[in-house]
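Asker: What follows is a structure written as structure tokens; I'll ask about it next.
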Amino acid sequence: MTSSTDTSGGGPVEQRAERAQRVAGVVRVPAQPGAAGEGRGERGSRERGERGSRESGEPGERSEHSYCAPVAPRARSVVRRSSVRGQILDALRAALAGGELTPGDVYSAPALGERFGVSATPVREAMQQLALEGAVEVVPNRGFRVVARGVRELSELAEVRALIEVPVVLGLARAVAVERWAELRPLAEAGVRAASSGCRVAYGEADRAFHRAVLGLSGNRQLVQIADDLQRRVQVPVGDGRLDLVSDAAEHQALLDALIARDDVLVRVLVESHFGGVR
């Protein structure tokens with residue numbers, strides 16, 4: 001019978017079925033995205049992967065996303081460690097300025113870490129920074145000794161500060177507009193409030209902020225940094241040579257008044273007297 005022949009010229013029906021099966025098999029093997037033979041599981045998996053990539057900010061369909069994952073935790077841990085170290089550094093500076101860490105005594109990083117509730121590592125890193133600033137010195141196999149400054153050393157530091165700051169302020173007295181000097185009034189008033197509270201730590205911050213702002217008008221960042229480092233060394237307490245906080249804060253206000261009034265003679269007197277004693 002002729003019913004089993006292919007009237008379109010393609011051969012018998014059985015041969016066409018076999019050929020179609022082979023072609024279908026070739027199409028299914030590569031499993032191309034979007035192909036009609038793709039299963040729900042594969043499509044759903046790919047869609048979830050693409051959605052996860054978009055939500056995480058990664059480019060779509062990156063097979064290497066698995067090795068990128070650890071990068072974020074490492075970056076966050078660095079930020080956390082840096083933040084802890086900074087907080088410990090601030091706490092140690094406050095303890096030094098407040099006399100909680102006794103000049104001449106040795107403190108170990110593990111002991112201080114236990115005190116602050118952290119590991120010894122951020123304490124050790126903070127202490128290394130304080131050693132660079134001259135506030136402590138390293139004692140091998142023991143820890144860090146708080147530097148004990150005598151009156152002579154403090155006077156020498158005050159002299160160095162005067163050599164740097166006095167000529168700068170005198171040079172700025174006429175060069176800076178009156179309005180710019182007036183902008184420093186809130187810093188001077190903050191210093192008065194901190195001095196009135198009797199908190200040496202709070203006043204130390206306010207005092208440095210005022211001096212940084214004055215010297216900052218020179219536009220010389222290196223000058224500001226060097227002067228600030230010197231001031232930190234001076235503010236480490238020693239014996240009974242303590243700063244009269246209220247008097248020092250009042251000098252800041254008087255200096256601003258003279259600068260705004262363009263009283264060059266009074267400015268010179270106030271600036272030179274400001275560095276005349278132990279500070």
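Going through the structure tokens in order, the chains are called A, B, and so on, while each chain numbers its residues from 1 and the ligands are numbered from 1 in the order shown.
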If we count only C-alpha atoms, what is near region 255-266 of chain A at a cut-off of 7 Å, once residues fewer than 4 positions away on the same chain are taken out, given as a list of chain:residue names?
Answerer: A:Ala173, A:Val178, A:Trp181, A:Ala182, A:Glu251, A:Leu270
Asker: Enumerate, in order of chain and increasing residue number, the residues of region 155-212 of chain A with an atom no farther than 9 Å from region 97-112 of chain A, each with its shortest atom pair and distance in Å to one decimal, counting only C-alpha atoms, as a Markdown table.
Answerer:
| residue | atom | partner | partner_atom | distance |
| --- | --- | --- | --- | --- |
| A:Cys199 | CA | A:Gly98 | CA | 8.1 |
| A:Arg200 | CA | A:Gly98 | CA | 6.2 |
| A:Val201 | CA | A:Ala97 | CA | 5.7 |
| A:Gly204 | CA | A:Ala97 | CA | 7.8 |
Asker: Using only C-alpha atoms, pick whichever of A:Val84, A:Leu130, A:Leu157, A:Val224 has the shortest atom-to-atom distance to Leu96 (chain A).
Answerer: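 When distances to Leu96 (chain A) are compared using only C-alpha atoms, the smallest one comes from A:Leu130.
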Asker: Can you list, as a PyMOL selection string, every residue of region 110-141 of chain A that DSSP puts in strand (DSSP E or B)?
Answerer: chain A and resi 136-139
Asker: For the residues in that selection, give me C-alpha atoms as a PDB file, in the first residue's frame.
Answerer:
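Below is the file again_27.pdb, written as the result:
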ATOM      1  CA  VAL A 136      54.194  56.006  76.838  1.00  0.00           C
ATOM      2  CA  GLU A 137      57.331  53.986  76.202  1.00  0.00           C
ATOM      3  CA  VAL A 138      57.679  50.322  75.360  1.00  0.00           C
ATOM      4  CA  VAL A 139      59.014  48.007  78.075  1.00  0.00           C
TER       5      VAL A 139
END
Asker: Just the number, please: distance in Å from CA of Arg208 (chain A) to CA of Glu125 (chain A), one decimal.
Answerer: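 Separation of CA of Arg208 (chain A) and CA of Glu125 (chain A): 23.3 Å.
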Asker: Looking at A:Ala194, A:Val123, A:Val234, A:Leu245, which one is nearest to Ser155 (chain A), with distances taken over only C-alpha atoms?
Answerer: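 Among A:Ala194, A:Val123, A:Val234, A:Leu245, it is A:Val234 that comes nearest to Ser155 (chain A).
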Asker: Looking at A:Leu217, A:Thr121, A:Met127, A:Leu92, which one is nearest to Arg174 (chain A), with distances taken over only C-alpha atoms?
Answerer: A:Leu217
Asker: Just how far from CA of Ala209 (chain A) is CA of Gln231 (chain A), in Å to one decimal?
Answerer: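 Computing it gives 10.8 Å between the two atoms.
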Asker: Using only C-alpha atoms for the distances, tell me which of A:Glu159, A:Glu272, A:Glu153, A:Glu189 is nearest to Ala227 (chain A).
Answerer: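 Nearest candidate to Ala227 (chain A) out of A:Glu159, A:Glu272, A:Glu153, A:Glu189: A:Glu159.
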